[in-house]
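Novice: This is the content of upload_22.cif (mmCIF, C-alpha atoms):
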data_upload
loop_
_atom_site.label_atom_id
_atom_site.label_comp_id
_atom_site.auth_asym_id
_atom_site.auth_seq_id
_atom_site.Cartn_x
_atom_site.Cartn_y
_atom_site.Cartn_z
CA MET A 9 -4.54 -7.99 30.81
CA PRO A 10 -2.02 -10.78 31.60
CA ILE A 11 1.28 -9.64 33.14
CA ALA A 12 3.08 -11.61 30.42
CA LEU A 13 2.23 -8.72 28.08
CA LEU A 14 4.50 -6.50 30.21
CA ALA A 15 7.44 -8.78 29.44
CA LEU A 16 6.70 -8.55 25.71
CA ALA A 17 6.39 -4.76 25.99
CA ILE A 18 9.80 -4.49 27.72
CA ALA A 19 11.38 -6.42 24.85
CA ALA A 20 9.55 -4.22 22.33
CA PHE A 21 10.91 -1.16 24.16
CA GLY A 22 14.47 -2.40 23.71
CA ILE A 23 13.94 -3.27 20.05
CA GLY A 24 12.36 0.11 19.34
CA THR A 25 15.21 1.91 21.05
CA THR A 26 17.95 0.20 19.06
CA GLU A 27 16.08 0.68 15.79
CA PHE A 28 15.70 4.46 16.09
CA VAL A 29 18.53 5.62 18.38
CA MET A 30 21.09 5.32 15.59
CA MET A 31 19.36 8.17 13.74
CA GLY A 32 20.12 10.57 16.58
CA LEU A 33 23.72 9.37 16.97
CA LEU A 34 24.71 9.17 13.31
CA PRO A 35 27.08 12.20 13.35
CA GLU A 36 28.89 10.96 16.49
CA VAL A 37 29.33 7.44 15.09
CA ALA A 38 30.49 8.74 11.71
CA THR A 39 33.08 11.01 13.35
CA ASP A 40 34.39 8.30 15.66
CA LEU A 41 34.75 5.68 12.92
CA GLN A 42 35.97 8.27 10.37
CA VAL A 43 33.32 7.71 7.71
CA SER A 44 31.00 10.10 5.89
CA ILE A 45 27.37 10.62 6.92
CA PRO A 46 26.07 8.81 3.78
CA ASP A 47 28.32 5.83 4.59
CA ALA A 48 27.12 5.92 8.21
CA GLY A 49 23.56 5.73 6.88
CA GLY A 50 24.37 2.09 6.20
CA TYR A 51 24.00 1.41 9.93
CA ILE A 52 20.29 2.19 9.54
CA SER A 53 19.90 0.42 6.19
CA LEU A 54 21.67 -2.76 7.31
CA TYR A 55 19.45 -2.98 10.39
CA ALA A 56 16.36 -2.70 8.16
CA LEU A 57 17.80 -5.32 5.80
CA GLY A 58 18.29 -7.64 8.77
CA VAL A 59 14.61 -7.22 9.66
CA VAL A 60 13.42 -7.92 6.10
CA ILE A 61 15.58 -11.04 5.72
CA GLY A 62 15.38 -12.32 9.28
CA ALA A 63 11.60 -12.21 9.74
CA PRO A 64 10.61 -14.92 7.22
CA LEU A 65 13.89 -16.88 7.29
CA LEU A 66 14.25 -17.30 11.07
CA THR A 67 10.51 -17.88 11.49
CA MET A 68 10.63 -20.80 9.07
CA LEU A 69 13.79 -22.18 10.69
CA GLY A 70 12.18 -21.99 14.13
CA MET A 71 8.67 -23.13 13.22
CA ARG A 72 9.07 -26.46 15.03
CA PHE A 73 10.28 -24.85 18.28
CA LYS A 74 8.02 -23.81 21.13
CA ARG A 75 7.05 -20.19 20.72
CA LYS A 76 8.47 -19.17 24.08
CA THR A 77 11.76 -20.84 23.20
CA LEU A 78 11.84 -18.94 19.92
CA LEU A 79 11.13 -15.63 21.71
CA LEU A 80 13.99 -16.27 24.14
CA SER A 81 16.34 -17.22 21.30
CA MET A 82 15.53 -14.00 19.47
CA LEU A 83 16.24 -11.94 22.59
CA VAL A 84 19.62 -13.65 23.00
CA LEU A 85 20.43 -12.81 19.37
CA PHE A 86 19.16 -9.24 19.87
CA THR A 87 21.34 -8.75 22.96
CA ALA A 88 24.38 -10.21 21.21
CA GLY A 89 23.86 -7.92 18.21
CA ASN A 90 23.77 -4.83 20.40
CA LEU A 91 26.82 -5.91 22.41
CA CYS A 92 28.68 -6.38 19.13
CA SER A 93 27.52 -2.90 18.09
CA ALA A 94 28.80 -1.40 21.33
CA PHE A 95 32.27 -2.93 20.90
CA ALA A 96 32.60 -2.85 17.08
CA PRO A 97 36.05 -1.35 16.36
CA THR A 98 35.54 -0.63 12.65
CA HIS A 99 32.92 0.61 10.22
CA ASP A 100 32.50 -2.77 8.51
CA LEU A 101 32.14 -4.66 11.79
CA LEU A 102 29.51 -2.19 12.98
CA LEU A 103 27.59 -2.73 9.74
CA GLY A 104 27.65 -6.47 10.44
CA ALA A 105 26.60 -5.96 14.06
CA ARG A 106 23.64 -3.80 13.03
CA PHE A 107 22.54 -6.44 10.53
CA LEU A 108 22.80 -9.06 13.29
CA ALA A 109 20.75 -6.91 15.68
CA GLY A 110 18.04 -6.50 13.04
CA LEU A 111 17.61 -10.21 12.31
CA PRO A 112 15.44 -11.05 15.37
CA HIS A 113 13.30 -7.89 15.15
CA GLY A 114 10.54 -9.17 12.86
CA VAL A 115 10.53 -12.66 14.35
CA PHE A 116 10.07 -11.36 17.88
CA PHE A 117 7.19 -9.05 16.97
CA GLY A 118 5.61 -11.69 14.73
CA ILE A 119 5.75 -14.50 17.28
CA GLY A 120 5.07 -12.04 20.11
CA ALA A 121 1.81 -10.96 18.44
CA VAL A 122 0.70 -14.60 18.14
CA VAL A 123 1.59 -15.25 21.79
CA ALA A 124 -0.11 -12.05 22.98
CA ALA A 125 -3.30 -12.95 21.09
CA SER A 126 -3.27 -16.45 22.60
CA LEU A 127 -3.18 -15.11 26.18
CA VAL A 128 -6.59 -13.41 26.02
CA ALA A 129 -10.13 -14.01 24.80
CA THR A 130 -10.76 -13.64 21.05
CA ASP A 131 -12.57 -10.33 21.51
CA LYS A 132 -9.50 -8.79 23.19
CA ARG A 133 -6.77 -9.94 20.78
CA ALA A 134 -6.11 -6.55 19.23
CA GLN A 135 -5.84 -4.92 22.67
CA ALA A 136 -3.31 -7.55 23.74
CA ILE A 137 -1.26 -7.01 20.57
CA SER A 138 -1.40 -3.23 21.09
CA MET A 139 -0.06 -3.65 24.64
CA MET A 140 3.09 -5.25 23.24
CA PHE A 141 3.50 -2.57 20.56
CA ILE A 142 3.11 0.18 23.17
CA GLY A 143 6.62 -0.82 24.27
CA LEU A 144 7.82 0.12 20.79
CA THR A 145 6.06 3.49 20.88
CA VAL A 146 7.28 4.32 24.41
CA ALA A 147 10.81 3.74 23.11
CA ASN A 148 10.35 6.87 21.00
CA ILE A 149 9.31 8.85 24.09
CA VAL A 150 11.92 7.61 26.56
CA GLY A 151 14.39 5.13 25.11
CA VAL A 152 15.53 7.04 22.02
CA PRO A 153 15.93 10.46 23.73
CA VAL A 154 17.73 8.93 26.73
CA GLY A 155 19.94 6.79 24.49
CA THR A 156 20.75 9.79 22.30
CA LEU A 157 21.64 12.00 25.27
CA LEU A 158 23.72 9.22 26.83
CA GLY A 159 25.54 8.63 23.56
CA GLN A 160 26.25 12.32 23.07
CA ALA A 161 27.48 12.76 26.65
CA LEU A 162 29.55 9.58 27.18
CA GLY A 163 30.03 8.20 23.68
CA TRP A 164 27.73 6.40 21.24
CA ARG A 165 28.88 2.94 22.40
CA TRP A 166 27.20 3.49 25.77
CA ALA A 167 23.82 3.80 24.07
CA PHE A 168 24.08 0.32 22.57
CA GLY A 169 25.47 -1.01 25.83
CA LEU A 170 22.31 0.30 27.50
CA VAL A 171 20.14 -1.45 24.90
CA ALA A 172 22.01 -4.70 25.56
CA VAL A 173 21.18 -4.34 29.27
CA ILE A 174 17.52 -3.83 28.36
CA GLY A 175 17.79 -7.01 26.28
CA VAL A 176 19.00 -8.96 29.33
CA ILE A 177 16.12 -7.56 31.43
CA ALA A 178 13.63 -8.49 28.70
CA LEU A 179 15.12 -11.97 28.47
CA ALA A 180 14.61 -12.49 32.21
CA ALA A 181 11.07 -11.04 32.08
CA VAL A 182 9.97 -13.26 29.18
CA ALA A 183 11.52 -16.33 30.83
CA ALA A 184 9.71 -15.63 34.11
CA LEU A 185 6.35 -14.20 33.00
CA VAL A 186 5.41 -15.66 29.62
CA PRO A 187 3.73 -19.06 30.05
CA ASP A 188 4.98 -22.05 28.10
CA GLN A 189 3.38 -22.31 24.68
CA PRO A 190 2.43 -25.64 23.12
CA LYS A 191 4.83 -26.90 20.49
CA PRO A 192 3.40 -26.40 16.98
CA THR A 193 2.31 -29.65 15.35
CA ASP A 194 2.01 -30.66 11.71
CA VAL A 195 3.98 -27.66 10.48
CA SER A 196 6.00 -27.51 7.27
CA VAL A 197 7.44 -24.84 5.03
CA ARG A 198 4.99 -25.80 2.28
CA GLY A 199 2.09 -25.58 4.69
CA GLU A 200 3.22 -22.20 5.99
CA LEU A 201 3.59 -20.82 2.48
CA ARG A 202 0.15 -22.09 1.44
CA ALA A 203 -1.50 -19.23 3.30
CA PHE A 204 0.26 -16.77 1.00
CA ARG A 205 -1.89 -17.93 -1.91
CA ARG A 206 -4.77 -15.90 -0.52
CA PRO A 207 -5.35 -12.48 -2.06
CA GLN A 208 -6.38 -11.13 1.34
CA VAL A 209 -2.91 -11.79 2.76
CA TRP A 210 -1.27 -9.81 -0.05
CA LEU A 211 -3.85 -7.04 0.32
CA ALA A 212 -2.90 -6.78 4.00
CA PHE A 213 0.75 -6.43 2.97
CA ALA A 214 -0.24 -3.75 0.41
CA VAL A 215 -2.08 -1.79 3.10
CA VAL A 216 1.09 -1.81 5.21
CA VAL A 217 3.45 -0.90 2.35
CA PHE A 218 1.44 2.12 1.22
CA GLY A 219 -0.49 3.05 4.37
CA PHE A 220 2.53 3.07 6.63
CA ALA A 221 4.99 4.41 4.05
CA ALA A 222 2.81 7.51 4.45
CA THR A 223 3.92 7.97 8.06
CA PHE A 224 7.58 7.27 7.29
CA SER A 225 7.58 9.74 4.38
CA PHE A 226 6.65 12.43 6.90
CA TYR A 227 8.77 11.20 9.83
CA SER A 228 12.00 10.78 7.84
CA TYR A 229 12.18 14.54 7.18
CA ILE A 230 10.43 15.94 10.25
CA LYS A 231 13.61 17.49 11.73
CA PRO A 232 14.50 19.82 8.85
CA VAL A 233 10.84 20.81 8.46
CA LEU A 234 10.48 21.78 12.12
CA THR A 235 13.76 23.72 12.14
CA ASP A 236 13.81 25.33 8.68
CA VAL A 237 10.07 25.80 8.06
CA THR A 238 8.47 26.04 11.50
CA GLY A 239 11.46 27.73 13.11
CA TYR A 240 12.05 25.54 16.17
CA THR A 241 15.50 25.06 17.69
CA PRO A 242 17.13 21.60 17.51
CA THR A 243 16.52 21.18 21.27
CA ALA A 244 12.81 21.93 20.86
CA VAL A 245 12.61 19.47 17.97
CA THR A 246 13.82 16.72 20.32
CA LEU A 247 10.81 17.43 22.55
CA LEU A 248 8.47 17.45 19.54
CA LEU A 249 9.79 14.05 18.49
CA ALA A 250 8.85 12.83 21.97
CA LEU A 251 5.39 14.33 21.36
CA PHE A 252 5.19 12.28 18.16
CA GLY A 253 6.01 9.23 20.30
CA VAL A 254 3.20 10.14 22.71
CA GLY A 255 0.84 10.26 19.74
CA MET A 256 2.05 6.83 18.62
CA THR A 257 1.40 5.43 22.10
CA VAL A 258 -2.09 6.93 22.41
CA GLY A 259 -3.00 5.84 18.89
CA THR A 260 -1.81 2.28 19.46
CA ALA A 261 -3.79 1.97 22.70
CA VAL A 262 -6.99 3.46 21.24
CA GLY A 263 -6.59 1.53 17.99
CA GLY A 264 -6.28 -1.73 19.91
CA ARG A 265 -9.60 -1.19 21.70
CA LEU A 266 -11.45 -0.14 18.56
CA ALA A 267 -9.96 -2.95 16.45
CA ASP A 268 -11.50 -5.60 18.71
CA ARG A 269 -14.95 -4.14 17.97
CA ALA A 270 -14.65 -3.28 14.28
CA PRO A 271 -11.20 -4.00 12.79
CA MET A 272 -11.90 -2.97 9.19
CA LYS A 273 -13.80 0.20 10.11
CA THR A 274 -10.91 1.12 12.42
CA LEU A 275 -8.52 0.64 9.51
CA TYR A 276 -10.64 2.78 7.19
CA ILE A 277 -11.11 5.60 9.71
CA PHE A 278 -7.48 5.96 10.73
CA LEU A 279 -5.98 5.64 7.25
CA GLY A 280 -8.38 8.35 6.09
CA ALA A 281 -7.56 10.48 9.14
CA LEU A 282 -3.83 9.99 8.52
CA ALA A 283 -4.18 11.24 4.94
CA ALA A 284 -6.07 14.30 6.18
CA CYS A 285 -3.54 15.09 8.92
CA LEU A 286 -0.58 14.77 6.55
CA ALA A 287 -2.21 17.14 4.07
CA LEU A 288 -3.03 19.52 6.93
CA PHE A 289 0.62 19.56 8.06
CA VAL A 290 1.62 21.28 4.82
CA VAL A 291 -0.28 24.29 6.17
CA THR A 292 0.28 23.96 9.93
CA SER A 293 4.05 23.41 9.54
CA HIS A 294 4.30 27.19 9.15
CA SER A 295 2.74 27.76 12.58
CA ALA A 296 4.71 27.21 15.79
CA ALA A 297 1.42 26.75 17.66
CA LEU A 298 -0.35 24.36 15.26
CA ALA A 299 2.58 22.24 14.08
CA PRO A 300 3.00 20.33 17.40
CA ILE A 301 -0.71 19.47 17.45
CA THR A 302 -0.51 18.08 13.93
CA VAL A 303 2.67 16.14 14.75
CA PHE A 304 0.83 14.49 17.65
CA LEU A 305 -2.18 13.66 15.44
CA ILE A 306 -0.01 12.14 12.70
CA GLY A 307 1.69 9.94 15.30
CA ALA A 308 -1.69 8.86 16.69
CA THR A 309 -3.43 8.18 13.36
CA GLY A 310 -0.35 6.60 11.82
CA PHE A 311 -0.06 3.91 14.48
CA ALA A 312 -3.71 3.41 15.49
CA ALA A 313 -4.19 1.01 12.59
CA ILE A 314 -1.32 -1.33 13.57
CA PRO A 315 -3.37 -3.57 15.94
CA SER A 316 -6.04 -3.88 13.23
CA ILE A 317 -3.63 -4.96 10.53
CA GLN A 318 -1.78 -7.32 12.89
CA ALA A 319 -5.05 -8.98 13.94
CA ARG A 320 -6.10 -9.01 10.29
CA ILE A 321 -3.10 -11.05 9.20
CA LEU A 322 -3.70 -13.54 12.03
CA ASP A 323 -7.20 -14.09 10.67
CA GLN A 324 -6.23 -14.29 7.00
CA ALA A 325 -3.13 -16.50 7.47
CA LYS A 326 -4.58 -18.97 9.97
CA GLU A 327 -2.42 -21.83 8.68
CA ALA A 328 0.70 -19.71 9.14
CA PRO A 329 0.03 -17.10 11.83
CA ALA A 330 3.68 -16.89 12.90
CA LEU A 331 5.09 -16.50 9.38
CA GLY A 332 2.32 -14.11 8.33
CA SER A 333 2.74 -11.97 11.45
CA ALA A 334 6.53 -11.90 11.10
CA SER A 335 6.28 -11.05 7.40
CA ILE A 336 4.18 -8.01 8.29
CA GLN A 337 7.24 -6.72 10.18
CA SER A 338 9.35 -7.12 7.05
CA THR A 339 6.69 -5.20 5.18
CA PHE A 340 6.83 -2.37 7.73
CA ASN A 341 10.52 -1.94 7.00
CA ILE A 342 9.84 -1.94 3.25
CA ALA A 343 7.28 0.79 3.97
CA ASN A 344 9.91 2.68 5.95
CA SER A 345 12.35 2.58 3.05
CA LEU A 346 9.69 3.43 0.45
CA GLY A 347 8.39 6.41 2.40
CA ALA A 348 11.86 7.81 3.04
CA TYR A 349 12.86 7.31 -0.60
CA LEU A 350 9.79 8.98 -2.10
CA GLY A 351 10.04 11.84 0.38
CA GLY A 352 13.64 12.37 -0.65
CA VAL A 353 12.71 12.31 -4.36
CA VAL A 354 10.24 15.19 -4.07
CA ILE A 355 12.66 17.26 -1.96
CA ALA A 356 15.45 16.65 -4.50
CA ALA A 357 13.04 17.72 -7.24
CA GLY A 358 12.84 21.14 -5.61
CA LEU A 359 9.25 20.83 -4.32
CA GLY A 360 10.20 21.92 -0.80
CA LEU A 361 10.61 20.34 2.64
CA THR A 362 6.85 19.98 3.16
CA ALA A 363 6.40 17.99 -0.07
CA PRO A 364 6.93 14.61 1.70
CA SER A 365 3.71 15.31 3.61
CA TRP A 366 1.81 15.51 0.33
CA VAL A 367 3.46 12.26 -0.73
CA GLY A 368 2.44 10.71 2.59
CA ALA A 369 -1.18 11.86 2.16
CA LEU A 370 -1.33 10.23 -1.29
CA LEU A 371 0.26 7.02 -0.01
CA ALA A 372 -2.28 6.85 2.83
CA VAL A 373 -5.11 7.19 0.29
CA VAL A 374 -3.62 4.32 -1.75
CA GLY A 375 -3.38 2.22 1.43
CA LEU A 376 -7.01 3.06 2.22
CA GLY A 377 -7.94 1.93 -1.28
CA PHE A 378 -6.35 -1.49 -0.73
CA ALA A 379 -8.12 -1.74 2.65
CA LEU A 380 -11.48 -1.00 1.00
CA VAL A 381 -10.86 -3.68 -1.63
CA SER A 382 -10.00 -6.15 1.14
CA GLY A 383 -13.20 -5.27 3.01
CA TRP A 384 -15.23 -5.66 -0.19
CA LEU A 385 -13.81 -9.17 -0.67
CA ASP A 386 -14.86 -9.98 2.89
CA ARG A 387 -18.44 -8.93 2.20
CA ARG A 388 -18.74 -10.62 -1.19
CA PRO A 389 -19.28 -14.19 0.15
CA GLN A 390 -21.99 -12.84 2.46
CA ARG A 391 -23.75 -11.20 -0.50
CA SER A 392 -23.55 -14.45 -2.43
CA GLU A 393 -25.09 -16.33 0.49
CA VAL A 394 -27.93 -13.79 0.73
CA LEU A 395 -28.53 -14.06 -3.03
CA VAL A 396 -28.58 -17.87 -2.89
CA SER A 397 -30.94 -17.77 0.09
CA HIS A 398 -33.23 -15.31 -1.71
CA ARG A 399 -33.34 -17.51 -4.81
CA ALA A 400 -34.12 -20.54 -2.68
CA VAL A 401 -37.05 -18.75 -1.09
CA GLN A 402 -38.36 -17.68 -4.49
CA SER A 403 -38.07 -21.25 -5.79
CA THR A 404 -39.98 -22.56 -2.80
CA LYS A 405 -42.76 -20.03 -3.33
CA SER A 406 -42.98 -20.97 -7.03
CA ILE A 407 -43.32 -24.65 -6.14
CA GLU A 408 -46.01 -23.86 -3.58
CA VAL A 409 -47.96 -21.77 -6.11
CA GLY A 410 -47.63 -24.46 -8.75
#
Represent the structure contained in this file as structure tokens.

Specialist:
Amino acid sequence: MPIALLALAIAAFGIGTTEFVMMGLLPEVATDLQVSIPDAGGYISLYALGVVIGAPLLTMLGMRFKRKTLLLSMLVLFTAGNLCSAFAPTHDLLLGARFLAGLPHGVFFGIGAVVAASLVATDKRAQAISMMFIGLTVANIVGVPVGTLLGQALGWRWAFGLVAVIGVIALAAVAALVPDQPKPTDVSVRGELRAFRRPQVWLAFAVVVFGFAATFSFYSYIKPVLTDVTGYTPTAVTLLLALFGVGMTVGTAVGGRLADRAPMKTLYIFLGALAACLALFVVTSHSAALAPITVFLIGATGFAAIPSIQARILDQAKEAPALGSASIQSTFNIANSLGAYLGGVVIAAGLGLTAPSWVGALLAVVGLGFALVSGWLDRRPQRSEVLVSHRAVQSTKSIEVG
């Protein structure tokens, strides 16, 4: 694999760290800025809002720039957003800084996926994309725990200062290692949006919204489940979250290899496996021995389908690969919010802390359903061609007999 993928992975590591580290530092930030925990939750929500808005908007604004230039610009914005977060003196300014830091997230992953795919042969695209996303998954193993511990020991601002340093390193790596990309030609907003007329593009978004909301429904409430139901200490839960990150990394790597061979089958298998693992966790969450194994499997199955869906959108939105790929990142954040919301609804309804896992299993099944519909639409033209060919043969035979 090209060394340029390492530069993209370093950037993904920094982005993943800043996205998730706030969850572990929320009490410290709330105490320091003298706001309630619910108000501090806005630091997470505003980052997600930045991703949802920034992905399509900044991609369209930068569509005439060289892709490498756009990647570098996003890393500058990312670094600036985290520096502003580190030095924000008030609650409102930190909200603004988190929104700013979220803006380049979707654009970088969207353009990065297009660049990664362009660096390798067609039959290795999904593997190349998975190599970049491994940086995001490793962030959950190393970056988030280290950032959380640093923030708890020295103050939460140091964690975002560290992320800003990672941003500078990523900026230098992308500048040095990623080759220059040709400037897009004949691009327009109308042309980019034309690809979104295809049902397959919207089906890909539906798979993400429901299929990946399944994982986030489980992950959003994993801490209270592991402490109150399984009986682990908060320190042990930190290690189990790292185990979830290991599962994400393994799943992304394996999913990338399988997606290059059979992308739709890979999507079917892992969405089905995710549904099964989430349903299984309702039982294994009561066992200190089995719960960690299931946590690992949910991380692996939940992220193994990402290379498939990313490669899928590149195929289905050929006229707008950058906008389509970036929009997938917005969709991931919608999935995050949907999963967390639905998980919270069933807990508030008194169905118990393990109820979000049932919700996740059902969401994964719905995502699988959309994937099956998408695959059926792929096969339908082939069936039509076979039918036409068969009729042509029959007509020829009739003429010969006559």

Novice: Where does region 127-164 of chain A meet region 91-114 of chain A within 12 Å, residue by residue, with the nearest atom pair and distance in Å to one decimal for each, counting only C-alpha atoms, listed by chain and rising number, as a Markdown table?

Specialist:
| residue | atom | partner | partner_atom | distance |
| --- | --- | --- | --- | --- |
| A:Leu144 | CA | A:His113 | CA | 11.2 |
| A:Gly159 | CA | A:Ala94 | CA | 10.8 |
| A:Gly163 | CA | A:Ala94 | CA | 10.0 |
| A:Trp164 | CA | A:Ala94 | CA | 7.9 |

Novice: Write the residues of the preceding selection, restricted to C-alpha atoms, as an mmCIF file, in the coordinates of the input.

Specialist:
data_model
loop_
_atom_site.group_PDB
_atom_site.id
_atom_site.type_symbol
_atom_site.label_atom_id
_atom_site.label_comp_id
_atom_site.auth_asym_id
_atom_site.auth_seq_id
_atom_site.Cartn_x
_atom_site.Cartn_y
_atom_site.Cartn_z
ATOM 1 C CA LEU A 144 7.820 0.120 20.790
ATOM 2 C CA GLY A 159 25.540 8.630 23.560
ATOM 3 C CA GLY A 163 30.030 8.200 23.680
ATOM 4 C CA TRP A 164 27.730 6.400 21.240
#

Novice: Taking the file as shown, find all residues satisfying the PyMOL selection byres ((chain A and resi 32-36) around 8) and write them as number ranges by chain.

Specialist: A: 28-31, 37-40, 45, 48-49, 152, 156, 159-160, 163-164

Novice: Might you spell out which residues the PyMOL selection byres ((chain A and resi 148) around 10) would select in the displayed file, as a list in words?

Specialist: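 Given this file, the PyMOL selection byres ((chain A and resi 148) around 10) evaluates to Phe21, Gly24, Thr25, Glu27, Phe28, Val29, Gly143, Leu144, Thr145, Val146, Ala147, Ile149, Val150, Gly151, Val152, Pro153, Val154, Leu249, Ala250, Leu251, Phe252, Gly253, Val254, Met256 and Thr257 of chain A.
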
Novice: A:Thr26, A:Ala369, A:Leu66, A:Phe141: which is nearest Leu170 (chain A), counting all atoms listed in the file?

Specialist: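 Selected residue with least distance to Leu170 (chain A): A:Thr26.
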
Novice: Set the distance at 9 Å and use all atoms listed in the file: which residues neighbour Leu13 (chain A) once local chain neighbours fewer than 3 positions away are removed? I'd like the list as a count of residues only.

Specialist: 13

Novice: Given the choices A:Leu211, A:Ala178, A:Ala183, A:Ala134, which gets closest to Ala313 (chain A) if the distance is worked out from all atoms listed in the file?

Specialist: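 Result for the nearest residue to Ala313 (chain A): A:Ala134.
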
Novice: If you measure from CA of Ala261 (chain A) to CA of Gln135 (chain A), what distance in Å do you get, rounded to one decimal?

Specialist: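 Spanning CA of Ala261 (chain A) to CA of Gln135 (chain A) is a straight-line distance of 7.2 Å.
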
Novice: Could you tell me how far CA of Leu54 (chain A) sits from CA of Val182 (chain A), in Å to one decimal place?

Specialist: 26.9 Å
